[in-house]
Amino acid sequence: MTLRHSREAAYSGQAGLPTWVRFAAPVVVGILLIALWVLVVDVLKIAPRMVPGPAAIGTELALRIGIIRDDMLITGANAFIGLLAGALLGIVLAGFAAAARPIDGMFAPLVAALAVVPIVALTPILNTMFGASSQFGRQAVAAIAAFIPVYINVLRGLRQTRPVHRDLLRASGATGWQTFRKLTLPTALPYLLTGVRIAASLAVISALVAEYFGGPADGIGTAIATYAKSGRAALAWAYVAGAIAIGLLFFLVTSLLERLVTRRSPV
Amino acid sequence: MTAIDTATTTPTIPAVKASGVGKTFPTKGGDVVALTGVELEVAAGEFVSLIGPSGCGKSTLLRLIADLDEASTGILEIFGKPARKARLDQDYGIAFQQSGLLPWRSVGANIALPLELHGVSAADRSARVSELAELVGLTDFVDRYPDQLSGGMQQRVAIARALAEHPRLLLMDEPFGALDEMTREYLQSELARIAAETGAAVVFVTHSIPEAVFLSDRVVVMSPRPGRITDVIETGLGTNRAEALRESPEYFAKVTEVREALHGAPVERANER
Amino acid sequence: MRRWTAVAWGAAGILAVAVAWELYKFLGPADGFVVGAIAGETGSGVMLLPRTHDRAMPHLWDMVARLFESTSGGDTPPLIVSVASAALLTLGIAAVGWLIGVAVGMLLGLAMQRWRLVEWGLLPWIVVSQTVPLIAFAPVVNVIGNQIDRGGFPWPQWVSVAVIASYLAFFPVAIGALKGLGSPDRIHLDLMRSYAAGYRSTLLRLRLPAAVPYLLPALRLAAANAVVGAVVAEVSIGMRGGIGRMLIQLAGQGSSDPAAPWGPTFGSIALGLVAAGSVALVGLGLRRYRRGEATA
């Protein structure tokens, strides 16, 4: 056994790269990208006018942090509500689908179709249904987008219990509820968190993109479109930075949750 | 094996010659000596088994011979050349415990893979494939895909593939380890026949004593921590490896001898697992 | 037989959605259900149930009937024809974006698989690039494109749309290629080494075929993403002729012609299905390379 381990170790070391390189490499790439950016924009001045340098964006960001934060809150809240609603819906429906084959059969093609359909295209219609002054259309789009990966992953997770474990619980005379509590739920939990992690990014992107399709005149996406059209490049990019911040926040928090849960129950 | 006949025009170069071969794997907890001080010579056409408990380095030794890993110390020559050169020259064929067939290729295309890689023409390839398919008794299955075959049949395809380029040396790493006993005995007889027909030397890794005795001219007994050769036993069972041999007293005697050599190995818990 | 049962269940699912729509429209409150509304202030409060009057939720048969009426009165062609031609334009742009994305993704995947240092350096950025809504800068891409165009290098608007679509499409391909190219078993790699096969023949004979089961879902996802990217980019850029623009336009007239926006909505749904379906056809052609999935 030790031999096998050592052989694998020998193989991963074959590239001859020490471990710290793994962390240094992306940092170096990031620094190189920023250096290239500064070089093209600020030093050589060969970039199109719509591409300002990082310094210009930073200044704008610091200057307008107030209004940018307000719009970030609106888009972020839409994404969060969408994520929450979509995840809940995904869990509940996946529970039904796991319990009853016919429901699974009815949902399967709908979910498969939903997964490849541009969901943001529903925004205008949702806006008519709920009123154009409501954020609901955006939240609903985020919710539908978030629903899909959660549903798919939870359903997969609920079917992931191993026969040997099921046999073990059956042999110990466990009730259906006990089996669910002790086996099905812990097995499915990491899958749920993976689904939520994927859904988080989708919810942010959908909530933001939905703003291009009408509704109230607020939010990050609306601001980016407005300032890009009016030529205020640095401000538009500052808003893009705000959008990136929301995306990163959602990604990091959900990744952290996923890691915590996966560590506790290794599959 | 036998004394070299002076009338033979070519002097016999050993298929494998290892002197002072060792292998050390670096790990986080320090270096692990997988193999040390291996002295071994396998004559052309000879069938040699490497046997020993897990961790005795028998697979490592085979991988060194195949130049899949490089020896840390010592000299390893295959037909008188360095292992790397022998690999580049395609002097050996190899088969593993898993058949390692490519699932998207038919049986014929799997056998032809090494030929294809080395630029053999399509006509020659198909001729060689039917030859090999016949040799391993799979003529009717050339167009099937690996997932349509039983484990034993897959392993026969792997052996045919290993033989594709007429290697003078066949390296086998527990090729029958994952098969049931009946298939296993059948394939052992087949392998004995094929080895005799092709005249290739064979280095055969196994952890089954009867298998090693039944197939080999010599059984090399190894032991772990650090992996090394502790004994070499000549079976002297001759060239006829018919099924009847499995019932013969001299076969049983050799099985006992190998078993004693294995258990007598001065290593505590040599047979854990 | 099993396939037909699946189709039947799927049809039942779609039917159930249609029935739910009409049922809710019949039973639900005409002006929706709002909690926390402030009297006299439109848009206040949270609407929990949508409005069900015909302007907000047209009947299904009205949506279908509208498809065969002229697009915007007069001699204009039936809505379904306009929708189809707009969808085809968007599909074409999405296809270009898909191709660019697949090419870039494959190159990235190949490079990352070949050199560990490249993987370590790029992979975190590639992952981050997809978790941040960079599609937000679609409008910026358009303005940059216009500047390039004015600078003498022809850059029509649709190229910007394709570039944005490719940005969404490359990611699954890069990840799928990296995973798939690295998927061959140790034993297969050993075998290729024992054949003294170089990088190129190992790539062609082993890594690429082994990557097919990973690449197919990636390509399908890339197609879906390219469609989303194209539709969104059209809207945010304001490109004419595509389905996205049509959607916005007809939604603007929604109060007077409530069934009209459903035409392009159905169109974009069909668009996504056609794009993913085309990739599935590619998968059918590569069925041989998916045998490994069954036996593992």
# chains A, B, ... in the order shown; residues from 1 in each chain; ligands from 1
call {"tool": "interface_residues", "arguments": {"of": "chain C", "to": "chain B", "cutoff": "8 Å", "atoms": "only C-alpha atoms", "output": "PyMOL selection string"}}
result
chain C and resi 187-188+190-191+193-197+201+206+209+288-292+294-295
call {"tool": "select_by_dssp", "arguments": {"residues": "range 177-271 of chain B", "states": "strand (DSSP E)", "output": "PyMOL selection string"}}
result
chain B and resi 201-206+218-223+228-234
call {"tool": "write_last_selection", "arguments": {"atoms": "all heavy atoms", "output": "compact mmCIF listing (two decimals), in the first residue's frame"}}
result
# COMPACT_ATOMS: atom_id res chain seq x y z
N ALA B 201 11.03 -14.90 -24.62
CA ALA B 201 11.29 -14.97 -23.18
C ALA B 201 10.12 -14.27 -22.49
O ALA B 201 9.52 -13.35 -23.03
CB ALA B 201 12.59 -14.25 -22.85
N VAL B 202 9.77 -14.74 -21.27
CA VAL B 202 8.66 -14.14 -20.55
C VAL B 202 9.10 -13.80 -19.13
O VAL B 202 9.72 -14.61 -18.46
CB VAL B 202 7.44 -15.10 -20.47
CG1 VAL B 202 6.28 -14.42 -19.78
CG2 VAL B 202 7.03 -15.58 -21.86
N VAL B 203 8.79 -12.57 -18.71
CA VAL B 203 8.92 -12.22 -17.30
C VAL B 203 7.50 -12.02 -16.78
O VAL B 203 6.76 -11.18 -17.30
CB VAL B 203 9.75 -10.95 -17.08
CG1 VAL B 203 9.80 -10.60 -15.60
CG2 VAL B 203 11.15 -11.14 -17.63
N PHE B 204 7.14 -12.84 -15.80
CA PHE B 204 5.74 -12.97 -15.42
C PHE B 204 5.59 -12.67 -13.93
O PHE B 204 6.13 -13.39 -13.10
CB PHE B 204 5.32 -14.42 -15.74
CG PHE B 204 3.85 -14.68 -15.61
CD1 PHE B 204 3.01 -14.60 -16.72
CD2 PHE B 204 3.29 -15.06 -14.40
CE1 PHE B 204 1.66 -14.89 -16.63
CE2 PHE B 204 1.94 -15.33 -14.30
CZ PHE B 204 1.12 -15.24 -15.41
N VAL B 205 4.88 -11.61 -13.61
CA VAL B 205 4.67 -11.26 -12.21
C VAL B 205 3.38 -11.91 -11.73
O VAL B 205 2.35 -11.83 -12.40
CB VAL B 205 4.57 -9.73 -12.03
CG1 VAL B 205 4.08 -9.38 -10.63
CG2 VAL B 205 5.92 -9.09 -12.29
N THR B 206 3.42 -12.56 -10.58
CA THR B 206 2.22 -13.20 -10.06
C THR B 206 2.31 -13.28 -8.55
O THR B 206 3.39 -13.09 -7.97
CB THR B 206 2.05 -14.62 -10.65
OG1 THR B 206 0.87 -15.20 -10.12
CG2 THR B 206 3.24 -15.51 -10.29
N ARG B 218 11.97 -20.88 -14.23
CA ARG B 218 12.54 -20.50 -12.95
C ARG B 218 11.57 -19.60 -12.21
O ARG B 218 10.89 -18.77 -12.84
CB ARG B 218 13.86 -19.73 -13.15
CG ARG B 218 15.07 -20.66 -13.30
CD ARG B 218 16.34 -19.86 -13.21
NE ARG B 218 16.42 -18.84 -14.26
CZ ARG B 218 17.16 -17.75 -14.17
NH1 ARG B 218 17.87 -17.51 -13.08
NH2 ARG B 218 17.19 -16.87 -15.16
N VAL B 219 11.49 -19.75 -10.91
CA VAL B 219 10.63 -18.89 -10.09
C VAL B 219 11.54 -18.04 -9.21
O VAL B 219 12.36 -18.57 -8.46
CB VAL B 219 9.67 -19.72 -9.22
CG1 VAL B 219 8.83 -18.79 -8.33
CG2 VAL B 219 8.77 -20.59 -10.08
N VAL B 220 11.39 -16.73 -9.34
CA VAL B 220 12.20 -15.81 -8.54
C VAL B 220 11.37 -15.38 -7.34
O VAL B 220 10.30 -14.78 -7.50
CB VAL B 220 12.60 -14.59 -9.38
CG1 VAL B 220 13.30 -13.55 -8.51
CG2 VAL B 220 13.51 -15.03 -10.53
N VAL B 221 11.82 -15.71 -6.14
CA VAL B 221 11.06 -15.40 -4.93
C VAL B 221 11.57 -14.09 -4.35
O VAL B 221 12.78 -13.90 -4.18
CB VAL B 221 11.20 -16.53 -3.90
CG1 VAL B 221 10.44 -16.18 -2.62
CG2 VAL B 221 10.71 -17.84 -4.48
N MET B 222 10.65 -13.18 -4.07
CA MET B 222 11.04 -11.86 -3.58
C MET B 222 10.39 -11.59 -2.23
O MET B 222 9.40 -12.22 -1.87
CB MET B 222 10.63 -10.77 -4.59
CG MET B 222 11.28 -10.99 -5.95
SD MET B 222 10.80 -9.76 -7.16
CE MET B 222 11.62 -8.31 -6.52
N SER B 223 10.96 -10.64 -1.48
CA SER B 223 10.34 -10.29 -0.20
C SER B 223 10.46 -8.79 0.03
O SER B 223 11.32 -8.12 -0.54
CB SER B 223 11.00 -11.09 0.93
OG SER B 223 12.12 -10.40 1.39
N ARG B 228 13.46 -7.20 -2.48
CA ARG B 228 14.69 -7.81 -2.98
C ARG B 228 14.43 -9.27 -3.34
O ARG B 228 13.39 -9.84 -2.97
CB ARG B 228 15.79 -7.74 -1.92
CG ARG B 228 15.45 -8.54 -0.67
CD ARG B 228 16.31 -8.09 0.49
NE ARG B 228 16.07 -8.93 1.66
CZ ARG B 228 15.01 -8.79 2.47
NH1 ARG B 228 14.09 -7.87 2.23
NH2 ARG B 228 14.85 -9.58 3.51
N ILE B 229 15.38 -9.87 -4.05
CA ILE B 229 15.26 -11.28 -4.40
C ILE B 229 15.84 -12.11 -3.26
O ILE B 229 16.95 -11.86 -2.81
CB ILE B 229 16.01 -11.58 -5.71
CG1 ILE B 229 15.33 -10.82 -6.87
CG2 ILE B 229 16.02 -13.08 -6.00
CD1 ILE B 229 16.03 -10.96 -8.19
N THR B 230 15.06 -13.10 -2.78
CA THR B 230 15.58 -13.91 -1.68
C THR B 230 15.90 -15.33 -2.12
O THR B 230 16.64 -16.03 -1.45
CB THR B 230 14.57 -13.98 -0.52
OG1 THR B 230 13.29 -14.32 -1.05
CG2 THR B 230 14.49 -12.66 0.21
N ASP B 231 15.34 -15.74 -3.24
CA ASP B 231 15.56 -17.12 -3.65
C ASP B 231 15.23 -17.26 -5.13
O ASP B 231 14.39 -16.53 -5.66
CB ASP B 231 14.65 -18.06 -2.84
CG ASP B 231 15.31 -19.40 -2.59
OD1 ASP B 231 16.26 -19.74 -3.32
OD2 ASP B 231 14.88 -20.10 -1.65
N VAL B 232 15.89 -18.19 -5.80
CA VAL B 232 15.54 -18.51 -7.19
C VAL B 232 15.41 -20.02 -7.28
O VAL B 232 16.32 -20.75 -6.89
CB VAL B 232 16.61 -18.02 -8.18
CG1 VAL B 232 16.22 -18.39 -9.60
CG2 VAL B 232 16.78 -16.50 -8.07
N ILE B 233 14.26 -20.50 -7.77
CA ILE B 233 14.03 -21.94 -7.80
C ILE B 233 13.83 -22.40 -9.24
O ILE B 233 12.97 -21.90 -9.96
CB ILE B 233 12.78 -22.29 -6.96
CG1 ILE B 233 13.07 -21.99 -5.49
CG2 ILE B 233 12.38 -23.75 -7.14
CD1 ILE B 233 11.86 -21.89 -4.64
N GLU B 234 14.66 -23.34 -9.67
CA GLU B 234 14.48 -23.95 -10.99
C GLU B 234 13.38 -24.98 -10.90
O GLU B 234 13.39 -25.81 -9.99
CB GLU B 234 15.78 -24.66 -11.40
CG GLU B 234 16.97 -23.75 -11.54
CD GLU B 234 17.44 -23.64 -12.98
OE1 GLU B 234 16.75 -24.20 -13.86
OE2 GLU B 234 18.47 -23.00 -13.20
call {"tool": "closest_atom_pairs", "arguments": {"of": "chain B", "to": "chain A", "cutoff": "12 Å", "atoms": "only C-alpha atoms", "output": "Markdown table"}}
result
| residue | atom | partner | partner_atom | distance |
| --- | --- | --- | --- | --- |
| B:Lys23 | CA | A:Arg7 | CA | 10.7 |
| B:Thr24 | CA | A:Ser6 | CA | 9.3 |
| B:Phe25 | CA | A:Ser6 | CA | 6.0 |
| B:Pro26 | CA | A:Ala10 | CA | 6.2 |
| B:Thr27 | CA | A:Ser6 | CA | 5.6 |
| B:Lys28 | CA | A:Ala9 | CA | 8.1 |
| B:Gly29 | CA | A:Ser6 | CA | 9.5 |
| B:Gly30 | CA | A:Ser6 | CA | 9.8 |
| B:Asp31 | CA | A:Ser6 | CA | 8.7 |
| B:Val32 | CA | A:Ser6 | CA | 7.3 |
| B:Val33 | CA | A:Leu3 | CA | 9.0 |
| B:Ala34 | CA | A:Leu3 | CA | 7.0 |
| B:Leu35 | CA | A:Leu3 | CA | 10.5 |
| B:Pro53 | CA | A:Met1 | CA | 11.4 |
| B:Ser54 | CA | A:Met1 | CA | 7.8 |
| B:Gly55 | CA | A:Leu3 | CA | 6.2 |
| B:Cys56 | CA | A:Leu3 | CA | 9.2 |
| B:Gly57 | CA | A:Leu3 | CA | 8.4 |
| B:Lys58 | CA | A:Leu3 | CA | 11.3 |
| B:Ser59 | CA | A:Leu3 | CA | 10.4 |
| B:Thr60 | CA | A:Leu3 | CA | 9.3 |
| B:Arg63 | CA | A:Arg7 | CA | 11.5 |
| B:Leu68 | CA | A:Tyr11 | CA | 11.2 |
| B:Asp69 | CA | A:Arg7 | CA | 9.7 |
| B:Glu70 | CA | A:Ala10 | CA | 11.3 |
| B:Pro224 | CA | A:Leu3 | CA | 10.3 |
| B:Arg225 | CA | A:Leu3 | CA | 10.1 |
| B:Pro226 | CA | A:Leu3 | CA | 10.6 |
| B:Gly227 | CA | A:Leu3 | CA | 10.3 |
| B:Glu272 | CA | A:Met1 | CA | 11.1 |
| B:Arg273 | CA | A:Met1 | CA | 10.0 |
call {"tool": "write_last_selection", "arguments": {"atoms": "N, CA and C atoms", "output": "short mmCIF file (atom, residue, chain, number, x, y, z; two decimals), in the first residue's frame"}}
result
data_model
loop_
_atom_site.label_atom_id
_atom_site.label_comp_id
_atom_site.auth_asym_id
_atom_site.auth_seq_id
_atom_site.Cartn_x
_atom_site.Cartn_y
_atom_site.Cartn_z
N LYS B 23 15.52 0.64 -6.71
CA LYS B 23 14.60 1.74 -7.02
C LYS B 23 14.15 2.39 -5.73
N THR B 24 14.29 3.68 -5.65
CA THR B 24 13.89 4.43 -4.47
C THR B 24 12.87 5.47 -4.88
N PHE B 25 11.72 5.51 -4.17
CA PHE B 25 10.71 6.54 -4.45
C PHE B 25 10.81 7.61 -3.38
N PRO B 26 10.95 8.86 -3.80
CA PRO B 26 10.93 9.92 -2.79
C PRO B 26 9.49 10.18 -2.34
N THR B 27 9.26 10.25 -1.05
CA THR B 27 7.94 10.60 -0.54
C THR B 27 8.09 11.70 0.49
N LYS B 28 6.95 12.22 0.96
CA LYS B 28 7.01 13.29 1.95
C LYS B 28 7.70 12.82 3.22
N GLY B 29 7.44 11.54 3.56
CA GLY B 29 8.02 11.02 4.80
C GLY B 29 9.41 10.44 4.60
N GLY B 30 10.10 10.87 3.55
CA GLY B 30 11.43 10.35 3.29
C GLY B 30 11.42 9.34 2.16
N ASP B 31 12.60 8.87 1.77
CA ASP B 31 12.70 7.95 0.64
C ASP B 31 12.22 6.55 1.04
N VAL B 32 11.51 5.90 0.10
CA VAL B 32 11.09 4.53 0.31
C VAL B 32 11.87 3.65 -0.66
N VAL B 33 12.57 2.66 -0.10
CA VAL B 33 13.33 1.75 -0.96
C VAL B 33 12.37 0.66 -1.44
N ALA B 34 12.03 0.70 -2.73
CA ALA B 34 11.08 -0.27 -3.26
C ALA B 34 11.80 -1.53 -3.71
N LEU B 35 13.06 -1.37 -4.04
CA LEU B 35 13.79 -2.48 -4.63
C LEU B 35 15.28 -2.24 -4.40
N PRO B 53 4.99 -11.41 -1.74
CA PRO B 53 3.85 -10.70 -1.17
C PRO B 53 3.78 -9.25 -1.67
N SER B 54 2.65 -8.59 -1.40
CA SER B 54 2.48 -7.19 -1.81
C SER B 54 3.64 -6.36 -1.27
N GLY B 55 4.13 -5.46 -2.10
CA GLY B 55 5.17 -4.56 -1.65
C GLY B 55 6.57 -5.12 -1.77
N CYS B 56 6.72 -6.30 -2.40
CA CYS B 56 8.06 -6.87 -2.52
C CYS B 56 8.80 -6.32 -3.73
N GLY B 57 8.10 -5.46 -4.51
CA GLY B 57 8.78 -4.81 -5.62
C GLY B 57 8.76 -5.59 -6.91
N LYS B 58 7.92 -6.65 -6.99
CA LYS B 58 7.94 -7.45 -8.21
C LYS B 58 7.39 -6.66 -9.40
N SER B 59 6.31 -5.91 -9.14
CA SER B 59 5.77 -5.08 -10.23
C SER B 59 6.73 -3.95 -10.57
N THR B 60 7.37 -3.41 -9.53
CA THR B 60 8.34 -2.34 -9.77
C THR B 60 9.46 -2.83 -10.68
N ARG B 63 8.28 -2.97 -14.15
CA ARG B 63 8.16 -1.63 -14.73
C ARG B 63 9.52 -1.06 -15.09
N LEU B 68 9.13 1.81 -17.82
CA LEU B 68 8.01 2.68 -17.44
C LEU B 68 8.42 3.53 -16.25
N ASP B 69 9.35 3.03 -15.46
CA ASP B 69 10.03 3.80 -14.43
C ASP B 69 11.52 3.60 -14.65
N GLU B 70 12.32 4.50 -14.08
CA GLU B 70 13.75 4.35 -14.25
C GLU B 70 14.41 3.87 -12.97
N PRO B 224 9.54 -8.25 0.85
CA PRO B 224 9.44 -6.79 0.95
C PRO B 224 10.33 -6.17 2.03
N ARG B 225 10.30 -4.82 2.02
CA ARG B 225 10.94 -3.98 3.04
C ARG B 225 12.37 -4.34 3.32
N PRO B 226 13.31 -4.02 2.53
CA PRO B 226 13.12 -3.47 1.19
C PRO B 226 12.92 -4.59 0.17
N GLY B 227 12.28 -4.30 -0.93
CA GLY B 227 12.04 -5.31 -1.96
C GLY B 227 13.35 -5.87 -2.50
N GLU B 272 1.04 -10.40 5.12
CA GLU B 272 -0.13 -9.61 5.53
C GLU B 272 -0.95 -9.30 4.29
N ARG B 273 -2.19 -8.98 4.48
CA ARG B 273 -3.17 -8.80 3.39
C ARG B 273 -3.58 -10.14 2.85
#
call {"tool": "interface_residues", "arguments": {"of": "chain C", "to": "chain A", "cutoff": "6 Å", "atoms": "only C-alpha atoms", "output": "CSV table (one decimal) with all heavy atoms, in the first residue's frame"}}
result
chain,number,residue,atom,x,y,z
C,9,TRP,N,-44.2,10.7,-21.0
C,9,TRP,CA,-44.1,11.4,-19.7
C,9,TRP,C,-43.8,12.9,-20.0
C,9,TRP,O,-44.3,13.8,-19.3
C,9,TRP,CB,-43.1,10.8,-18.8
C,9,TRP,CG,-43.7,9.6,-18.0
C,9,TRP,CD1,-43.2,8.4,-18.0
C,9,TRP,CD2,-44.8,9.6,-17.1
C,9,TRP,NE1,-44.0,7.6,-17.2
C,9,TRP,CE2,-45.0,8.3,-16.7
C,9,TRP,CE3,-45.7,10.6,-16.7
C,9,TRP,CZ2,-46.0,8.0,-15.8
C,9,TRP,CZ3,-46.7,10.3,-15.8
C,9,TRP,CH2,-46.8,9.0,-15.4
C,10,GLY,N,-42.8,13.1,-20.9
C,10,GLY,CA,-42.4,14.5,-21.2
C,10,GLY,C,-43.6,15.3,-21.7
C,10,GLY,O,-43.8,16.4,-21.3
C,13,GLY,N,-45.8,16.2,-19.0
C,13,GLY,CA,-45.2,17.3,-18.3
C,13,GLY,C,-45.5,18.7,-18.9
C,13,GLY,O,-46.0,19.6,-18.2
C,43,GLY,N,-46.9,50.0,-7.8
C,43,GLY,CA,-45.6,49.3,-7.8
C,43,GLY,C,-45.1,49.1,-6.4
C,43,GLY,O,-44.0,48.6,-6.2
C,50,PRO,N,-49.1,36.6,-9.7
C,50,PRO,CA,-49.2,37.5,-10.9
C,50,PRO,C,-50.6,37.8,-11.2
C,50,PRO,O,-51.5,37.1,-10.8
C,50,PRO,CB,-48.5,36.6,-12.0
C,50,PRO,CG,-48.7,35.2,-11.6
C,50,PRO,CD,-48.6,35.2,-10.1
C,51,ARG,N,-50.7,38.9,-12.0
C,51,ARG,CA,-52.0,39.3,-12.5
C,51,ARG,C,-52.5,38.3,-13.5
C,51,ARG,O,-51.7,37.8,-14.3
C,51,ARG,CB,-51.9,40.7,-13.1
C,51,ARG,CG,-51.4,41.7,-12.1
C,51,ARG,CD,-51.3,43.1,-12.7
C,51,ARG,NE,-50.0,43.2,-13.4
C,51,ARG,CZ,-49.5,44.3,-13.7
C,51,ARG,NH1,-50.1,45.5,-13.3
C,51,ARG,NH2,-48.4,44.4,-14.3
C,56,ALA,N,-51.9,40.6,-19.0
C,56,ALA,CA,-50.8,40.0,-18.4
C,56,ALA,C,-50.6,38.6,-18.7
C,56,ALA,O,-49.4,38.1,-19.0
C,56,ALA,CB,-50.9,40.2,-16.8
C,120,TRP,N,-1.9,25.4,-13.5
C,120,TRP,CA,-1.9,26.1,-12.3
C,120,TRP,C,-2.1,27.6,-12.4
C,120,TRP,O,-2.7,28.3,-11.6
C,120,TRP,CB,-0.6,25.8,-11.5
C,120,TRP,CG,-0.6,24.4,-11.0
C,120,TRP,CD1,-1.6,23.5,-11.0
C,120,TRP,CD2,0.5,23.7,-10.3
C,120,TRP,NE1,-1.2,22.3,-10.4
C,120,TRP,CE2,0.1,22.4,-10.0
C,120,TRP,CE3,1.8,24.1,-10.0
C,120,TRP,CZ2,0.9,21.5,-9.3
C,120,TRP,CZ3,2.6,23.2,-9.3
C,120,TRP,CH2,2.1,21.9,-9.0
C,121,GLY,N,-1.5,28.1,-13.5
C,121,GLY,CA,-1.5,29.6,-13.7
C,121,GLY,C,-2.8,30.1,-14.2
C,121,GLY,O,-3.3,31.1,-13.8
C,131,THR,N,-17.4,32.9,-12.7
C,131,THR,CA,-18.3,33.2,-11.6
C,131,THR,C,-18.6,34.6,-11.5
C,131,THR,O,-19.5,35.0,-10.8
C,131,THR,CB,-17.5,32.8,-10.3
C,131,THR,OG1,-16.4,33.6,-10.2
C,131,THR,CG2,-17.1,31.3,-10.3
C,132,VAL,N,-17.8,35.5,-12.2
C,132,VAL,CA,-18.2,36.9,-12.2
C,132,VAL,C,-18.9,37.2,-13.5
C,132,VAL,O,-18.7,36.6,-14.5
C,132,VAL,CB,-16.9,37.7,-12.2
C,132,VAL,CG1,-16.1,37.4,-10.9
C,132,VAL,CG2,-16.0,37.5,-13.4
C,133,PRO,N,-20.0,38.0,-13.4
C,133,PRO,CA,-20.8,38.3,-14.5
C,133,PRO,C,-20.2,39.2,-15.5
C,133,PRO,O,-20.6,40.4,-15.7
C,133,PRO,CB,-22.1,38.9,-13.9
C,133,PRO,CG,-21.6,39.5,-12.6
C,133,PRO,CD,-20.4,38.7,-12.1
C,139,PRO,N,-22.1,45.7,-23.3
C,139,PRO,CA,-22.2,47.0,-23.9
C,139,PRO,C,-20.8,47.6,-24.2
C,139,PRO,O,-20.6,48.3,-25.2
C,139,PRO,CB,-22.9,47.9,-22.9
C,139,PRO,CG,-23.6,46.9,-22.0
C,139,PRO,CD,-22.8,45.7,-22.0
C,140,VAL,N,-19.9,47.4,-23.3
C,140,VAL,CA,-18.5,47.9,-23.5
C,140,VAL,C,-17.9,47.3,-24.7
C,140,VAL,O,-17.2,48.0,-25.5
C,140,VAL,CB,-17.7,47.7,-22.2
C,140,VAL,CG1,-16.3,48.4,-22.4
C,140,VAL,CG2,-18.4,48.2,-21.0
C,144,ILE,N,-16.3,49.2,-28.0
C,144,ILE,CA,-14.9,48.9,-28.5
C,144,ILE,C,-15.0,48.5,-29.9
C,144,ILE,O,-14.2,48.9,-30.8
C,144,ILE,CB,-14.3,47.8,-27.6
C,144,ILE,CG1,-14.1,48.3,-26.2
C,144,ILE,CG2,-12.9,47.4,-28.2
C,144,ILE,CD1,-13.6,47.3,-25.2
C,224,ALA,N,-25.7,25.9,-25.5
C,224,ALA,CA,-26.7,26.6,-24.7
C,224,ALA,C,-26.2,28.0,-24.3
C,224,ALA,O,-26.9,29.0,-24.4
C,224,ALA,CB,-27.2,25.8,-23.5
C,228,VAL,N,-27.6,31.9,-25.1
C,228,VAL,CA,-27.9,32.9,-24.1
C,228,VAL,C,-27.0,34.2,-24.3
C,228,VAL,O,-27.5,35.3,-24.3
C,228,VAL,CB,-27.5,32.4,-22.6
C,228,VAL,CG1,-27.7,33.5,-21.6
C,228,VAL,CG2,-28.5,31.2,-22.3
C,236,SER,N,-28.4,43.9,-25.1
C,236,SER,CA,-27.7,44.9,-24.4
C,236,SER,C,-27.0,45.8,-25.4
C,236,SER,O,-26.7,47.0,-25.1
C,236,SER,CB,-26.7,44.3,-23.4
C,236,SER,OG,-25.8,43.5,-24.1
C,251,ALA,N,-42.3,43.2,-26.6
C,251,ALA,CA,-42.7,43.4,-25.2
C,251,ALA,C,-43.1,44.8,-24.9
C,251,ALA,O,-44.0,45.1,-24.1
C,251,ALA,CB,-41.5,43.0,-24.3
C,269,ILE,N,-36.9,29.9,-27.0
C,269,ILE,CA,-36.9,28.5,-26.4
C,269,ILE,C,-36.5,27.5,-27.5
C,269,ILE,O,-35.7,26.7,-27.3
C,269,ILE,CB,-38.3,28.2,-25.8
C,269,ILE,CG1,-38.5,29.1,-24.6
C,269,ILE,CG2,-38.4,26.7,-25.5
C,269,ILE,CD1,-39.9,28.9,-24.0
C,272,GLY,N,-32.8,27.6,-28.3
C,272,GLY,CA,-32.0,26.8,-27.3
C,272,GLY,C,-32.0,25.3,-27.6
C,272,GLY,O,-31.0,24.6,-27.6
call {"tool": "atom_distance", "arguments": {"atom1": "CA of Glu131 in chain B", "atom2": "CA of Gly45 in chain B"}}
result
20.9 Å
call {"tool": "atom_distance", "arguments": {"atom1": "CA of Ala164 in chain B", "atom2": "CA of Gly137 in chain B"}}
result
14.6 Å
call {"tool": "residues_around", "arguments": {"residues": "Ala178 in chain B", "least_positions_apart": "4", "cutoff": "12 Å", "atoms": "only C-alpha atoms", "output": "PyMOL selection string"}}
result
chain B and resi 96-99+150-152+154-155+173-174+182-184+206-208
call {"tool": "atom_distance", "arguments": {"atom1": "CA of Leu61 in chain A", "atom2": "CA of Arg138 in chain A"}}
result
25.2 Å
call {"tool": "select_by_dssp", "arguments": {"residues": "range 86-164 of chain B", "states": "alpha helix (DSSP H)", "output": "ChimeraX atom specification"}}
result
/B:86-88,107-117,122-135,151-163
call {"tool": "closest_residue", "arguments": {"among": "A:Pro163, A:Pro18, A:Gly215, A:Pro54", "to": "Leu33 in chain A", "atoms": "only C-alpha atoms"}}
result
A:Pro54
call {"tool": "residues_around", "arguments": {"residues": "range 214-216 of chain B", "least_positions_apart": "3", "cutoff": "10 Å", "atoms": "only C-alpha atoms", "output": "VMD selection string"}}
result
chain B and resid 46 to 50 185 188 to 189 191 to 193 195 202 to 204 209 to 211 219 to 220 233 to 239 241 to 243 245 to 246 251 to 252 254 to 255
call {"tool": "closest_residue", "arguments": {"among": "B:Ile111, B:Val142, B:Glu257, B:Gly22", "to": "Ser72 in chain B", "atoms": "only C-alpha atoms"}}
result
B:Gly22
